[in-house]
Amino acid sequence: MERRVAFESSFAIAEAVKMADIDVCAAYPITPQTHIVERVAQLVANGELDANYIPVESEHSALSACLGSSAAGGRTFTATAGQGLELMHEVVYVASGMRLPIVMSVCNRALSVPLSIWGDHSDVMSVRDTGWIQIFAENAQQAFDLTLCAFHIAEDPAVLLPTMIHIDGFHLSHVIEPVLLPEQEKVTRFLPKYHHPFALDVNNPAAMGDFALPDLYTEAKVAHDMALRNSIKVILQVWQKFGEEFGREYSPVETYGAEDADILLLTMGSFSEVAMEAIDRLKRAGEKVGLVRLRLWRPFPFEQFRQTVGRAKLLIVLDRALSVGGPGPVCSEVQAALYHLKERPQVIGFIGGLGGRDISVEGFQNMIHRGMDKASQGKPGEIEVFDVREK
Amino acid sequence: MSIDLKQYLRPGVTLPFCAGCGDRILLRLILRAIDELKINIDDMLFVSGIGCAAWIPSPNFNADTLHTLHGRAIAFATGAKVFNPKLKTVVISGDGDLADIGGNHLIHAARRNIDLTVLCANNMNYGMTGGQVCSTTPKGVRTPTTPGGNPYHPFDLCKLVNAAGATYVARYSVTQPSVLVESIKKALQIEGFSFIDIISPCPTQYGRQHRLGTPRETLKFFENRCIMKEDAKGLSEEELEEKIVTGEFSDGGN
């Protein structure tokens, strides 16, 4: 029977990893991720999960060992955050280039310097172009559901791409919430045992990670790009199947109160739930506002995104990362996605929530009003960092 | 002999260590060695990585402090030292930082025998992230990432660094303050790569998880386990299993 339990999001993810019956987890402790892999290590030690847990000496080694395990055909999981993801960086590219369906939880964390263990999306943006499928969760239930779905998506023979589930460090990773845990039997039906079609096998040797001269490199990269773009079909199928089986629906671009809204706010990750409250309050005050929550960050869901926001008058975008010397990374992407539309909303970008700084309900209300002011003043292009002390 | 520590501390800092932390004792012993050698702290650079021990010098010491990335302290220090050889460059960091994630830099700096002093505060676990297993955790010990007991043998850091080519290699515990201060003084004066593996107990994580008792009892536990290498000579392998052998393992030719 389905159980309703109070779980820290990190434990919910570990529970999904257990139910997915992974074969290998190699990981290195890093705040705010550590609870996930500690829990996985416990489940292995308790005999609840028949897997190998490797306590490696660095994140670079963690993802490298995962790469090896996945290439050998094992269902493979790891988790990291911030600086840990940075240390993995070159391996992040290699894992996707080799088309290895590793699933990784990233507890989003700010990047040094200054040293910060707190949440923002700087680490997400640094791996934006690495060719992984990247999905955002907003609460513990989603963290559980989307981790289960991630294995299904990643391992689909038409996809075979590693997948990151992003959860906001502390704001989500350390939050205890009620989580519905399905029966193992049902999960096993949804996510059967996995067989990598090209796993390393002495009887049928494969070569991975080969050298490509200029006459081949471009084609190899384009093949990877096509695979990632096409993966959206499988992502939609898997989420639909999940909805049918478990009753919770997911979609690449989700909304909240956006049906009749002229003004939309776009968020990614756990801040969306705070923003929902701000939307409720503004709606009660008669304002025509709504929320767009970008669930799928890679592949970027162009079609769904244009359909969702195309008819709005104003789109306010929150970036939780500062692209130093450039535009907000989500905002510029959104603008590029809308540029060729004949009718498109005006886009105003804000940067905020850096290094764990909270944005309250009132903060989101202010941000929306500030965005409306800027739009009416015709100053959309300026980059504005929200809630910054100048003295 | 008590010394006035305040002259070496950055005004306004509050030391961040847990009750009974070996790193806090070590902080004081390092400053005592500097004080006794009458080195001007303004001529010193302290480099640290990530983890509890990295907070010994940074931001607390009123000198140049470079708080770097996890594992990279020795590499940062190497760059600073070659550009400005007059800087007395001291790396203070933990075992996880120096020997695990940064282990490569440790052996290569020792191989080059660059004139750095590396003080490794060894608490035998990743204290800051919650006491997980590391490369110096004794075999069989339970940690959050080895709940069934650590299946691996730990590094003997002194043997490792010695084999790599360091000039001065020693191991002492913060529970042996007098000999440790003398060792730090020696390490600071010797030209070439000097390394001290300093047993720095962690009552909050290691002590709690191994039910070693109060911080005082945790320190006592390690005090009892540490013996000087001269006293270890007659002991059998079985008897040595329970001991941590301390002393100088390469004395820089002195």
# chains A, B, ... in the order shown; residues from 1 in each chain; ligands from 1

call {"tool": "closest_atom_pairs", "arguments": {"of": "chain B", "to": "chain A", "cutoff": "7 Å", "atoms": "only C-alpha atoms", "output": "Markdown table"}}
result
| residue | atom | partner | partner_atom | distance |
| --- | --- | --- | --- | --- |
| B:Asp100 | CA | A:Glu57 | CA | 5.1 |
| B:Ile101 | CA | A:Ser58 | CA | 4.9 |
| B:Thr129 | CA | A:Thr31 | CA | 6.3 |
| B:Pro144 | CA | A:Glu38 | CA | 5.5 |
| B:Thr145 | CA | A:Glu38 | CA | 5.2 |
| B:Thr146 | CA | A:Ala41 | CA | 6.7 |
| B:Pro147 | CA | A:Gln42 | CA | 5.9 |
| B:Gly148 | CA | A:Ala45 | CA | 5.5 |

call {"tool": "closest_atom_pairs", "arguments": {"of": "region 162-251 of chain B", "to": "region 69-82 of chain B", "cutoff": "12 Å", "atoms": "only C-alpha atoms", "output": "tab-separated table"}}
result
residue	atom	partner	partner_atom	distance
B:Gly192	CA	B:Lys81	CA	11.6
B:Phe193	CA	B:Thr78	CA	10.8
B:Phe195	CA	B:Ile74	CA	11.5

call {"tool": "write_last_selection", "arguments": {"atoms": "all heavy atoms", "output": "tab-separated table (two decimals), in the first residue's frame"}}
result
chain	number	residue	atom	x	y	z
B	192	GLY	N	63.11	22.93	2.74
B	192	GLY	CA	62.59	21.75	2.06
B	192	GLY	C	61.18	21.45	2.56
B	192	GLY	O	60.61	22.20	3.36
B	193	PHE	N	60.63	20.36	2.08
B	193	PHE	CA	59.24	20.04	2.39
B	193	PHE	C	59.16	19.40	3.77
B	193	PHE	O	59.76	18.35	4.01
B	193	PHE	CB	58.69	19.08	1.34
B	193	PHE	CG	57.19	18.93	1.36
B	193	PHE	CD1	56.38	19.87	0.76
B	193	PHE	CD2	56.60	17.82	1.97
B	193	PHE	CE1	55.00	19.73	0.77
B	193	PHE	CE2	55.21	17.68	1.98
B	193	PHE	CZ	54.41	18.64	1.38
B	195	PHE	N	56.54	18.05	6.86
B	195	PHE	CA	55.16	17.57	7.00
B	195	PHE	C	54.96	16.98	8.39
B	195	PHE	O	55.75	16.14	8.82
B	195	PHE	CB	54.90	16.49	5.94
B	195	PHE	CG	53.54	15.85	6.04
B	195	PHE	CD1	52.43	16.44	5.46
B	195	PHE	CD2	53.37	14.64	6.72
B	195	PHE	CE1	51.17	15.84	5.56
B	195	PHE	CE2	52.12	14.04	6.83
B	195	PHE	CZ	51.02	14.65	6.24

call {"tool": "residues_around", "arguments": {"residues": "Leu180 (chain A)", "least_positions_apart": "4", "cutoff": "8 Å", "atoms": "only C-alpha atoms", "output": "MDAnalysis selection string"}}
result
chainID A and resid 2:5 141

call {"tool": "write_last_selection", "arguments": {"atoms": "C-alpha atoms", "output": "CSV table (one decimal), in the first residue's frame"}}
result
chain,number,residue,atom,x,y,z
A,2,GLU,CA,1.1,3.6,-0.6
A,3,ARG,CA,2.5,5.1,2.5
A,4,ARG,CA,2.5,8.7,3.6
A,5,VAL,CA,5.7,9.6,5.5
A,141,GLN,CA,7.5,14.7,-3.4

call {"tool": "select_by_dssp", "arguments": {"residues": "region 87-189 of chain A", "states": "alpha helix (DSSP H)", "output": "PyMOL selection string"}}
result
chain A and resi 87-97+122-126+140-155+184-189

call {"tool": "residues_around", "arguments": {"residues": "Glu223 (chain B)", "least_positions_apart": "3", "cutoff": "8 Å", "atoms": "only C-alpha atoms", "output": "MDAnalysis selection string"}}
result
chainID B and resid 173 175:176 219:220 226

call {"tool": "write_last_selection", "arguments": {"atoms": "N, CA and C atoms", "output": "PDB file, in the first residue's frame"}}
result
ATOM      1  N   SER B 173      50.614  14.182  18.361  1.00  0.00           N
ATOM      2  CA  SER B 173      49.208  14.423  18.664  1.00  0.00           C
ATOM      3  C   SER B 173      49.090  15.722  19.449  1.00  0.00           C
ATOM      4  N   THR B 175      47.603  15.920  21.939  1.00  0.00           N
ATOM      5  CA  THR B 175      47.677  15.503  23.344  1.00  0.00           C
ATOM      6  C   THR B 175      49.131  15.381  23.800  1.00  0.00           C
ATOM      7  N   GLN B 176      50.078  15.676  22.903  1.00  0.00           N
ATOM      8  CA  GLN B 176      51.506  15.705  23.247  1.00  0.00           C
ATOM      9  C   GLN B 176      52.035  17.109  22.961  1.00  0.00           C
ATOM     10  N   LEU B 219      39.651  13.052  24.049  1.00  0.00           N
ATOM     11  CA  LEU B 219      41.067  13.440  24.047  1.00  0.00           C
ATOM     12  C   LEU B 219      41.902  12.407  24.817  1.00  0.00           C
ATOM     13  N   LYS B 220      41.344  11.951  25.923  1.00  0.00           N
ATOM     14  CA  LYS B 220      42.041  10.957  26.751  1.00  0.00           C
ATOM     15  C   LYS B 220      42.252   9.666  25.959  1.00  0.00           C
ATOM     16  N   CYS B 226      48.423   7.169  21.748  1.00  0.00           N
ATOM     17  CA  CYS B 226      49.651   7.688  21.136  1.00  0.00           C
ATOM     18  C   CYS B 226      50.870   7.289  21.955  1.00  0.00           C
TER      19      CYS B 226
END

call {"tool": "atom_distance", "arguments": {"atom1": "CA of Asp280 (chain A)", "atom2": "CA of Ala12 (chain A)"}}
result
28.3 Å

call {"tool": "residues_around", "arguments": {"residues": "region 76-78 of chain A", "least_positions_apart": "6", "cutoff": "10 Å", "atoms": "only C-alpha atoms", "output": "JSON list (two decimals) with all heavy atoms, in the first residue's frame"}}
result
[["chain", "number", "residue", "atom", "x", "y", "z"],
["A", 14, "ALA", "N", 16.91, 9.37, -1.65],
["A", 14, "ALA", "CA", 17.55, 8.08, -1.36],
["A", 14, "ALA", "C", 16.54, 6.94, -1.45],
["A", 14, "ALA", "O", 16.86, 5.83, -1.91],
["A", 14, "ALA", "CB", 18.20, 8.12, 0.02],
["A", 17, "VAL", "N", 16.05, 6.12, -4.98],
["A", 17, "VAL", "CA", 17.22, 5.39, -5.46],
["A", 17, "VAL", "C", 17.14, 3.93, -5.02],
["A", 17, "VAL", "O", 17.46, 3.02, -5.78],
["A", 17, "VAL", "CB", 18.50, 6.08, -4.91],
["A", 17, "VAL", "CG1", 19.73, 5.20, -5.10],
["A", 17, "VAL", "CG2", 18.70, 7.43, -5.59],
["A", 20, "ALA", "N", 14.51, 2.26, -7.07],
["A", 20, "ALA", "CA", 15.00, 2.07, -8.44],
["A", 20, "ALA", "C", 15.99, 0.91, -8.49],
["A", 20, "ALA", "O", 16.43, 0.52, -9.57],
["A", 20, "ALA", "CB", 15.65, 3.35, -8.95],
["A", 21, "ASP", "N", 16.37, 0.42, -7.32],
["A", 21, "ASP", "CA", 17.24, -0.76, -7.23],
["A", 21, "ASP", "C", 18.54, -0.55, -8.02],
["A", 21, "ASP", "O", 18.88, -1.36, -8.89],
["A", 21, "ASP", "CB", 16.48, -2.01, -7.73],
["A", 21, "ASP", "CG", 17.22, -3.29, -7.37],
["A", 21, "ASP", "OD1", 18.06, -3.25, -6.45],
["A", 21, "ASP", "OD2", 16.98, -4.32, -8.03],
["A", 22, "ILE", "N", 19.23, 0.50, -7.68],
["A", 22, "ILE", "CA", 20.48, 0.81, -8.40],
["A", 22, "ILE", "C", 21.53, -0.27, -8.11],
["A", 22, "ILE", "O", 21.42, -1.02, -7.15],
["A", 22, "ILE", "CB", 21.04, 2.19, -8.01],
["A", 22, "ILE", "CG1", 21.37, 2.25, -6.50],
["A", 22, "ILE", "CG2", 20.10, 3.30, -8.41],
["A", 22, "ILE", "CD1", 22.45, 3.22, -6.15],
["A", 23, "ASP", "N", 22.56, -0.28, -8.97],
["A", 23, "ASP", "CA", 23.65, -1.23, -8.79],
["A", 23, "ASP", "C", 24.86, -0.59, -8.12],
["A", 23, "ASP", "O", 25.56, -1.24, -7.35],
["A", 23, "ASP", "CB", 24.06, -1.81, -10.15],
["A", 23, "ASP", "CG", 22.92, -2.55, -10.80],
["A", 23, "ASP", "OD1", 22.39, -3.49, -10.18],
["A", 23, "ASP", "OD2", 22.52, -2.17, -11.93],
["A", 24, "VAL", "N", 25.14, 0.67, -8.47],
["A", 24, "VAL", "CA", 26.35, 1.32, -7.95],
["A", 24, "VAL", "C", 26.06, 2.77, -7.60],
["A", 24, "VAL", "O", 25.34, 3.48, -8.32],
["A", 24, "VAL", "CB", 27.50, 1.27, -9.00],
["A", 24, "VAL", "CG1", 28.72, 2.07, -8.52],
["A", 24, "VAL", "CG2", 27.92, -0.16, -9.28],
["A", 25, "CYS", "N", 26.63, 3.20, -6.46],
["A", 25, "CYS", "CA", 26.65, 4.61, -6.12],
["A", 25, "CYS", "C", 28.07, 4.93, -5.66],
["A", 25, "CYS", "O", 28.58, 4.31, -4.72],
["A", 25, "CYS", "CB", 25.66, 4.92, -5.00],
["A", 25, "CYS", "SG", 25.76, 6.61, -4.37],
["A", 26, "ALA", "N", 28.73, 5.86, -6.33],
["A", 26, "ALA", "CA", 30.04, 6.35, -5.88],
["A", 26, "ALA", "C", 29.85, 7.81, -5.56],
["A", 26, "ALA", "O", 29.31, 8.55, -6.38],
["A", 26, "ALA", "CB", 31.08, 6.17, -6.98],
["A", 27, "ALA", "N", 30.27, 8.23, -4.38],
["A", 27, "ALA", "CA", 29.97, 9.61, -3.99],
["A", 27, "ALA", "C", 30.98, 10.14, -3.00],
["A", 27, "ALA", "O", 31.71, 9.38, -2.35],
["A", 27, "ALA", "CB", 28.57, 9.68, -3.39],
["A", 28, "TYR", "N", 31.00, 11.45, -2.89],
["A", 28, "TYR", "CA", 31.90, 12.17, -1.99],
["A", 28, "TYR", "C", 31.05, 13.15, -1.19],
["A", 28, "TYR", "O", 30.18, 13.81, -1.77],
["A", 28, "TYR", "CB", 32.95, 12.91, -2.82],
["A", 28, "TYR", "CG", 34.05, 13.52, -1.99],
["A", 28, "TYR", "CD1", 35.07, 12.74, -1.47],
["A", 28, "TYR", "CD2", 34.07, 14.88, -1.71],
["A", 28, "TYR", "CE1", 36.08, 13.29, -0.71],
["A", 28, "TYR", "CE2", 35.08, 15.44, -0.94],
["A", 28, "TYR", "CZ", 36.09, 14.64, -0.45],
["A", 28, "TYR", "OH", 37.09, 15.19, 0.31],
["A", 36, "ILE", "N", 21.93, 12.68, 1.29],
["A", 36, "ILE", "CA", 21.43, 11.73, 0.28],
["A", 36, "ILE", "C", 22.32, 10.50, 0.26],
["A", 36, "ILE", "O", 21.85, 9.37, 0.39],
["A", 36, "ILE", "CB", 21.41, 12.37, -1.13],
["A", 36, "ILE", "CG1", 20.51, 13.61, -1.17],
["A", 36, "ILE", "CG2", 20.98, 11.35, -2.18],
["A", 36, "ILE", "CD1", 20.55, 14.34, -2.50],
["A", 37, "VAL", "N", 23.63, 10.72, 0.11],
["A", 37, "VAL", "CA", 24.51, 9.55, -0.07],
["A", 37, "VAL", "C", 24.77, 8.83, 1.26],
["A", 37, "VAL", "O", 25.00, 7.62, 1.26],
["A", 37, "VAL", "CB", 25.82, 9.92, -0.79],
["A", 37, "VAL", "CG1", 25.50, 10.43, -2.19],
["A", 37, "VAL", "CG2", 26.66, 10.90, -0.03],
["A", 40, "VAL", "N", 21.91, 6.55, 1.30],
["A", 40, "VAL", "CA", 22.11, 5.44, 0.36],
["A", 40, "VAL", "C", 23.09, 4.43, 0.97],
["A", 40, "VAL", "O", 22.85, 3.21, 0.92],
["A", 40, "VAL", "CB", 22.61, 5.96, -1.01],
["A", 40, "VAL", "CG1", 23.00, 4.79, -1.92],
["A", 40, "VAL", "CG2", 21.55, 6.81, -1.69],
["A", 51, "ALA", "N", 23.38, -3.06, -3.57],
["A", 51, "ALA", "CA", 24.19, -2.24, -4.48],
["A", 51, "ALA", "C", 25.59, -2.10, -3.89],
["A", 51, "ALA", "O", 25.84, -2.42, -2.74],
["A", 51, "ALA", "CB", 23.56, -0.87, -4.65],
["A", 52, "ASN", "N", 26.50, -1.61, -4.74],
["A", 52, "ASN", "CA", 27.85, -1.27, -4.26],
["A", 52, "ASN", "C", 27.90, 0.22, -3.98],
["A", 52, "ASN", "O", 27.57, 1.02, -4.86],
["A", 52, "ASN", "CB", 28.89, -1.62, -5.32],
["A", 52, "ASN", "CG", 29.12, -3.11, -5.40],
["A", 52, "ASN", "OD1", 29.62, -3.71, -4.45],
["A", 52, "ASN", "ND2", 28.71, -3.71, -6.51],
["A", 53, "TYR", "N", 28.33, 0.55, -2.78],
["A", 53, "TYR", "CA", 28.52, 1.96, -2.44],
["A", 53, "TYR", "C", 30.03, 2.21, -2.34],
["A", 53, "TYR", "O", 30.71, 1.54, -1.55],
["A", 53, "TYR", "CB", 27.84, 2.31, -1.11],
["A", 53, "TYR", "CG", 28.02, 3.75, -0.75],
["A", 53, "TYR", "CD1", 27.13, 4.72, -1.20],
["A", 53, "TYR", "CD2", 29.12, 4.16, 0.01],
["A", 53, "TYR", "CE1", 27.32, 6.04, -0.91],
["A", 53, "TYR", "CE2", 29.31, 5.50, 0.30],
["A", 53, "TYR", "CZ", 28.41, 6.43, -0.16],
["A", 53, "TYR", "OH", 28.60, 7.76, 0.12],
["A", 59, "GLU", "N", 35.03, 14.28, -5.81],
["A", 59, "GLU", "CA", 33.90, 14.25, -6.75],
["A", 59, "GLU", "C", 34.35, 13.84, -8.14],
["A", 59, "GLU", "O", 33.61, 13.22, -8.89],
["A", 59, "GLU", "CB", 33.22, 15.61, -6.83],
["A", 59, "GLU", "CG", 32.38, 15.95, -5.62],
["A", 59, "GLU", "CD", 33.16, 16.67, -4.54],
["A", 59, "GLU", "OE1", 34.39, 16.84, -4.70],
["A", 59, "GLU", "OE2", 32.55, 17.06, -3.53],
["A", 62, "ALA", "N", 34.27, 10.37, -8.01],
["A", 62, "ALA", "CA", 32.89, 9.88, -7.87],
["A", 62, "ALA", "C", 32.24, 9.71, -9.23],
["A", 62, "ALA", "O", 31.74, 8.63, -9.57],
["A", 62, "ALA", "CB", 32.07, 10.83, -7.00],
["A", 63, "LEU", "N", 32.27, 10.78, -10.02],
["A", 63, "LEU", "CA", 31.60, 10.67, -11.31],
["A", 63, "LEU", "C", 32.38, 9.76, -12.25],
["A", 63, "LEU", "O", 31.79, 9.08, -13.09],
["A", 63, "LEU", "CB", 31.36, 12.06, -11.94],
["A", 63, "LEU", "CG", 30.41, 12.06, -13.14],
["A", 63, "LEU", "CD1", 29.06, 11.43, -12.81],
["A", 63, "LEU", "CD2", 30.20, 13.47, -13.69],
["A", 65, "ALA", "N", 34.01, 7.04, -11.37],
["A", 65, "ALA", "CA", 33.63, 5.66, -11.02],
["A", 65, "ALA", "C", 32.23, 5.36, -11.51],
["A", 65, "ALA", "O", 31.94, 4.25, -11.99],
["A", 65, "ALA", "CB", 33.72, 5.46, -9.50],
["A", 66, "CYS", "N", 31.34, 6.34, -11.43],
["A", 66, "CYS", "CA", 29.97, 6.16, -11.94],
["A", 66, "CYS", "C", 29.99, 5.93, -13.45],
["A", 66, "CYS", "O", 29.21, 5.14, -13.98],
["A", 66, "CYS", "CB", 29.11, 7.38, -11.61],
["A", 66, "CYS", "SG", 28.66, 7.45, -9.87],
["A", 67, "LEU", "N", 30.88, 6.66, -14.10],
["A", 67, "LEU", "CA", 31.00, 6.51, -15.55],
["A", 67, "LEU", "C", 31.40, 5.07, -15.87],
["A", 67, "LEU", "O", 30.80, 4.43, -16.75],
["A", 67, "LEU", "CB", 32.07, 7.51, -16.02],
["A", 67, "LEU", "CG", 32.18, 7.82, -17.50],
["A", 67, "LEU", "CD1", 32.64, 9.26, -17.68],
["A", 67, "LEU", "CD2", 33.13, 6.89, -18.17],
["A", 68, "GLY", "N", 32.38, 4.57, -15.14],
["A", 68, "GLY", "CA", 32.82, 3.19, -15.36],
["A", 68, "GLY", "C", 31.70, 2.20, -15.11],
["A", 68, "GLY", "O", 31.46, 1.29, -15.91],
["A", 69, "SER", "N", 30.98, 2.41, -14.02],
["A", 69, "SER", "CA", 29.90, 1.50, -13.66],
["A", 69, "SER", "C", 28.79, 1.51, -14.69],
["A", 69, "SER", "O", 28.25, 0.47, -15.08],
["A", 69, "SER", "CB", 29.38, 1.90, -12.27],
["A", 69, "SER", "OG", 28.00, 1.76, -12.20],
["A", 70, "SER", "N", 28.46, 2.71, -15.16],
["A", 70, "SER", "CA", 27.39, 2.83, -16.15],
["A", 70, "SER", "C", 27.82, 2.20, -17.48],
["A", 70, "SER", "O", 27.03, 1.53, -18.15],
["A", 70, "SER", "CB", 27.02, 4.30, -16.32],
["A", 70, "SER", "OG", 25.89, 4.43, -17.13],
["A", 100, "LEU", "N", 25.94, 7.72, -21.33],
["A", 100, "LEU", "CA", 25.79, 6.83, -20.18],
["A", 100, "LEU", "C", 24.69, 7.34, -19.26],
["A", 100, "LEU", "O", 24.77, 8.46, -18.75],
["A", 100, "LEU", "CB", 27.13, 6.75, -19.42],
["A", 100, "LEU", "CG", 28.28, 6.18, -20.27],
["A", 100, "LEU", "CD1", 29.60, 6.32, -19.53],
["A", 100, "LEU", "CD2", 28.02, 4.73, -20.64],
["A", 101, "PRO", "N", 23.65, 6.53, -19.04],
["A", 101, "PRO", "CA", 22.45, 7.01, -18.35],
["A", 101, "PRO", "C", 22.59, 7.08, -16.82],
["A", 101, "PRO", "O", 21.82, 6.48, -16.08],
["A", 101, "PRO", "CB", 21.39, 6.01, -18.78],
["A", 101, "PRO", "CG", 22.14, 4.76, -19.03],
["A", 101, "PRO", "CD", 23.48, 5.15, -19.54],
["A", 102, "ILE", "N", 23.57, 7.84, -16.36],
["A", 102, "ILE", "CA", 23.77, 8.03, -14.92],
["A", 102, "ILE", "C", 22.70, 9.00, -14.42],
["A", 102, "ILE", "O", 22.35, 9.95, -15.13],
["A", 102, "ILE", "CB", 25.18, 8.63, -14.67],
["A", 102, "ILE", "CG1", 26.26, 7.67, -15.18],
["A", 102, "ILE", "CG2", 25.39, 9.00, -13.22],
["A", 102, "ILE", "CD1", 27.61, 8.32, -15.40],
["A", 103, "VAL", "N", 22.20, 8.79, -13.22],
["A", 103, "VAL", "CA", 21.30, 9.77, -12.62],
["A", 103, "VAL", "C", 22.03, 10.44, -11.47],
["A", 103, "VAL", "O", 22.66, 9.77, -10.64],
["A", 103, "VAL", "CB", 19.99, 9.11, -12.13],
["A", 103, "VAL", "CG1", 19.15, 10.10, -11.33],
["A", 103, "VAL", "CG2", 19.19, 8.60, -13.34],
["A", 104, "MET", "N", 21.97, 11.76, -11.44],
["A", 104, "MET", "CA", 22.69, 12.52, -10.42],
["A", 104, "MET", "C", 21.77, 13.58, -9.81],
["A", 104, "MET", "O", 21.15, 14.35, -10.53],
["A", 104, "MET", "CB", 23.92, 13.20, -11.03],
["A", 104, "MET", "CG", 24.64, 14.14, -10.07],
["A", 104, "MET", "SD", 26.39, 14.37, -10.48],
["A", 104, "MET", "CE", 26.30, 15.32, -11.98],
["A", 105, "SER", "N", 21.71, 13.59, -8.48],
["A", 105, "SER", "CA", 21.01, 14.68, -7.79],
["A", 105, "SER", "C", 22.00, 15.79, -7.56],
["A", 105, "SER", "O", 23.10, 15.54, -7.07],
["A", 105, "SER", "CB", 20.53, 14.24, -6.40],
["A", 105, "SER", "OG", 19.66, 13.17, -6.52],
["A", 106, "VAL", "N", 21.61, 17.00, -7.90],
["A", 106, "VAL", "CA", 22.47, 18.15, -7.62],
["A", 106, "VAL", "C", 21.73, 19.06, -6.64],
["A", 106, "VAL", "O", 20.66, 19.58, -6.96],
["A", 106, "VAL", "CB", 22.83, 18.92, -8.91],
["A", 106, "VAL", "CG1", 23.73, 20.10, -8.59],
["A", 106, "VAL", "CG2", 23.51, 17.99, -9.91],
["A", 147, "THR", "N", 13.15, 11.71, -9.52],
["A", 147, "THR", "CA", 14.34, 10.84, -9.49],
["A", 147, "THR", "C", 13.98, 9.48, -10.07],
["A", 147, "THR", "O", 14.74, 8.92, -10.88],
["A", 147, "THR", "CB", 14.86, 10.69, -8.04],
["A", 147, "THR", "OG1", 15.15, 12.00, -7.54],
["A", 147, "THR", "CG2", 16.12, 9.85, -7.97],
["A", 151, "PHE", "N", 15.56, 7.80, -14.00],
["A", 151, "PHE", "CA", 16.16, 6.54, -14.45],
["A", 151, "PHE", "C", 15.46, 6.04, -15.71],
["A", 151, "PHE", "O", 16.10, 5.59, -16.66],
["A", 151, "PHE", "CB", 16.05, 5.47, -13.34],
["A", 151, "PHE", "CG", 16.99, 5.71, -12.19],
["A", 151, "PHE", "CD1", 16.54, 6.26, -10.99],
["A", 151, "PHE", "CD2", 18.33, 5.38, -12.30],
["A", 151, "PHE", "CE1", 17.41, 6.48, -9.94],
["A", 151, "PHE", "CE2", 19.21, 5.59, -11.24],
["A", 151, "PHE", "CZ", 18.75, 6.14, -10.06],
["A", 162, "PRO", "N", 22.73, 10.91, -19.56],
["A", 162, "PRO", "CA", 22.69, 11.10, -18.10],
["A", 162, "PRO", "C", 21.72, 12.22, -17.74],
["A", 162, "PRO", "O", 21.47, 13.12, -18.54],
["A", 162, "PRO", "CB", 24.13, 11.48, -17.77],
["A", 162, "PRO", "CG", 24.70, 12.02, -19.02],
["A", 162, "PRO", "CD", 23.99, 11.33, -20.16],
["A", 163, "THR", "N", 21.18, 12.13, -16.55],
["A", 163, "THR", "CA", 20.12, 13.05, -16.15],
["A", 163, "THR", "C", 20.39, 13.62, -14.76],
["A", 163, "THR", "O", 20.72, 12.88, -13.83],
["A", 163, "THR", "CB", 18.76, 12.31, -16.17],
["A", 163, "THR", "OG1", 18.55, 11.82, -17.49],
["A", 163, "THR", "CG2", 17.61, 13.23, -15.79],
["A", 164, "MET", "N", 20.27, 14.94, -14.65],
["A", 164, "MET", "CA", 20.41, 15.61, -13.36],
["A", 164, "MET", "C", 19.04, 16.01, -12.84],
["A", 164, "MET", "O", 18.24, 16.56, -13.59],
["A", 164, "MET", "CB", 21.20, 16.91, -13.50],
["A", 164, "MET", "CG", 22.67, 16.76, -13.65],
["A", 164, "MET", "SD", 23.44, 18.37, -13.82],
["A", 164, "MET", "CE", 24.88, 17.89, -14.78]]

call {"tool": "residues_around", "arguments": {"residues": "region 206-217 of chain B", "least_positions_apart": "5", "cutoff": "10 Å", "atoms": "only C-alpha atoms", "output": "PDB file with C-alpha atoms, in the first residue's frame"}}
result
ATOM      1  CA  CYS B  18      33.417  22.706  18.689  1.00  0.00           C
ATOM      2  CA  ALA B  19      33.987  21.884  22.345  1.00  0.00           C
ATOM      3  CA  GLY B  20      37.137  19.814  22.769  1.00  0.00           C
ATOM      4  CA  CYS B  21      38.169  20.128  19.117  1.00  0.00           C
ATOM      5  CA  GLY B  22      41.817  19.241  18.590  1.00  0.00           C
ATOM      6  CA  ASN B 123      40.864  13.827  12.798  1.00  0.00           C
ATOM      7  CA  MET B 124      40.416  10.567  10.863  1.00  0.00           C
ATOM      8  CA  ASN B 125      37.125  11.601   9.287  1.00  0.00           C
ATOM      9  CA  TYR B 126      35.388  14.369   7.336  1.00  0.00           C
ATOM     10  CA  GLY B 127      34.471  16.398  10.393  1.00  0.00           C
ATOM     11  CA  GLY B 130      29.357  14.962   9.452  1.00  0.00           C
ATOM     12  CA  GLY B 131      32.102  12.429  10.131  1.00  0.00           C
ATOM     13  CA  GLN B 132      32.159  10.335   6.962  1.00  0.00           C
ATOM     14  CA  VAL B 133      34.933   7.864   6.151  1.00  0.00           C
ATOM     15  CA  THR B 137      39.823   6.369   9.049  1.00  0.00           C
ATOM     16  CA  VAL B 141      35.333   1.972  12.015  1.00  0.00           C
ATOM     17  CA  ARG B 142      31.688   2.864  11.470  1.00  0.00           C
ATOM     18  CA  THR B 143      30.915   6.177   9.831  1.00  0.00           C
ATOM     19  CA  PRO B 144      27.805   7.537   8.098  1.00  0.00           C
ATOM     20  CA  PRO B 201      40.644  14.482  17.820  1.00  0.00           C
ATOM     21  CA  PHE B 222      43.749   9.439  21.846  1.00  0.00           C
ATOM     22  CA  GLU B 223      46.259  10.424  24.503  1.00  0.00           C
TER      23      GLU B 223
END

call {"tool": "atom_distance", "arguments": {"atom1": "CA of Gly102 (chain B)", "atom2": "CA of Ile39 (chain B)"}}
result
28.4 Å

call {"tool": "residues_around", "arguments": {"residues": "Glu244 (chain A)", "least_positions_apart": "6", "cutoff": "12 Å", "atoms": "only C-alpha atoms", "output": "list of chain:residue names"}}
result
A:Lys186, A:Phe190, A:Gln237, A:Val238, A:Tyr250
